[in-house]
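Working notes, beginning with the structure itself.
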Amino acid sequence: MDVDTAIRKRRTIGVFSDREVPPQEIAELIEAARWAPNHKHTEPWRFHVVAGEARAQLAAAIVDGGGEFSKDPRGKLLRSPQFIAVTQQAVLDDPVRDQEDYAAVCCAVQNMMLAATARGLATKWSTGALAENGAAKRWLGIGEQDRIVAYLYVGYPPEEMREMPAERRPADVVWRS
Ligand SMILES: Cc1cc2nc3c(=O)[nH]c(=O)nc-3n(C[C@H](O)[C@H](O)[C@H](O)COP(=O)(O)O)c2cc1C
């Protein structure tokens, strides 16, 4: 699939079949991620592939850690047979680099979603309370100040969701010459 088609076909899908994605395909998504642009070649990303029982273990750690959740963390973390938590190490003494690194990790996540789309896989990028959760960060082995940039849920979409129409406003563009 060419990149323009993948960009247009990619849709957020939060419903997945039970079928696990082969590790080789997950590795290919991560391979696409690491080619994202990153200023000063900091390669600021880390990928935590969480599958099978590990999903429930993370959910239990979050619940045990306390806090209020609008939805049960288990319902979210078990929505796909595997997800990839994409994290960024905080750069506390250099806010500009920290922001650049965050932008680079976001580019990496988009690379993964486009690579997934090209392979017929569905993805959902999720943040919210679970991304800010201290117990989740501890479980993943990252620092309190580090960021969970994305829980990237990935899997096979249900048949009826393979083609998801979407609308976008025309771009707000200013041309100057
Ligand atoms: C940084 C970021 C965070 C997101 N967090 C969530 C989230 O927490 N929950 C959610 O349902 N969708 C989340 N999304 C997905 C957006 O809601 C989705 O991209 C948007 O509705 C547009 O739909 P599309 O991805 O199909 O184009 C997030 C997307 C981005 C880029």
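Residues are named by chain letter and number: chains run A, B, ... in the order of the structure tokens, numbers start at 1 in each chain, and ligands are numbered from 1 in the order shown.
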
DSSP alpha helix (DSSP H) residues within range 79-173 of chain A, as a compact mmCIF listing (two decimals) with C-alpha atoms, in the first residue's frame:
# COMPACT_ATOMS: atom_id res chain seq x y z
CA PRO A 95 12.47 21.72 28.00
CA VAL A 96 13.13 22.37 24.30
CA ARG A 97 14.68 18.95 23.82
CA ASP A 98 11.92 17.42 25.88
CA GLN A 99 9.31 18.92 23.54
CA GLU A 100 11.26 17.88 20.45
CA ASP A 101 11.56 14.37 21.81
CA TYR A 102 7.83 14.24 22.50
CA ALA A 103 7.14 15.36 18.93
CA ALA A 104 9.50 12.68 17.62
CA VAL A 105 7.76 9.96 19.63
CA CYS A 106 4.42 11.13 18.23
CA CYS A 107 5.88 10.80 14.72
CA ALA A 108 7.02 7.30 15.63
CA VAL A 109 3.49 6.38 16.73
CA GLN A 110 2.06 7.66 13.44
CA ASN A 111 4.63 5.59 11.54
CA MET A 112 3.40 2.55 13.45
CA MET A 113 -0.23 3.29 12.69
CA LEU A 114 0.46 3.75 8.98
CA ALA A 115 2.55 0.56 8.85
CA ALA A 116 -0.30 -1.23 10.64
CA THR A 117 -2.88 0.12 8.18
CA ALA A 118 -0.77 -1.11 5.28
CA GLY A 128 -6.00 9.96 29.17
CA ALA A 129 -5.83 8.88 32.82
CA LEU A 130 -4.05 5.59 32.12
CA ALA A 131 -1.19 7.46 30.45
CA GLU A 132 -0.74 9.66 33.52
CA GLY A 134 1.99 6.34 38.32
CA ALA A 135 1.36 2.63 38.91
CA ALA A 136 1.34 2.02 35.16
CA LYS A 137 4.66 3.86 34.83
CA ARG A 138 6.18 1.81 37.63
CA TRP A 139 4.91 -1.42 36.08
CA LEU A 140 6.42 -0.43 32.73

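Scanning range 78-110 of chain A with DSSP on the backbone, the strand (DSSP E or B) assignments fall on Gln82, Phe83, Ile84, Ala85, Val86, Thr87 and Gln88 of chain A.
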
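Proximity of A:Val173, A:Leu58, A:Ala33, A:Ala150 to ligand 1, computed with only C-alpha atoms and all ligand atoms, is greatest for A:Ala150.
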
Nearby polymer residues, ligand 1, at most 9 Å, only C-alpha atoms and all ligand atoms, as an MDAnalysis selection string: chainID A and resid 8:14 106 109:110 123:131 149:151 164:168

All residues 12 Å or closer to Val50 in chain A, only C-alpha atoms, same chain fewer than 6 positions away omitted, as JSON, numbers by chain: {"A": [20, 21, 23, 26, 56, 57, 58, 59, 77, 78, 80, 81, 82, 83, 84, 85, 86, 136, 139, 140, 151, 152, 153, 154]}
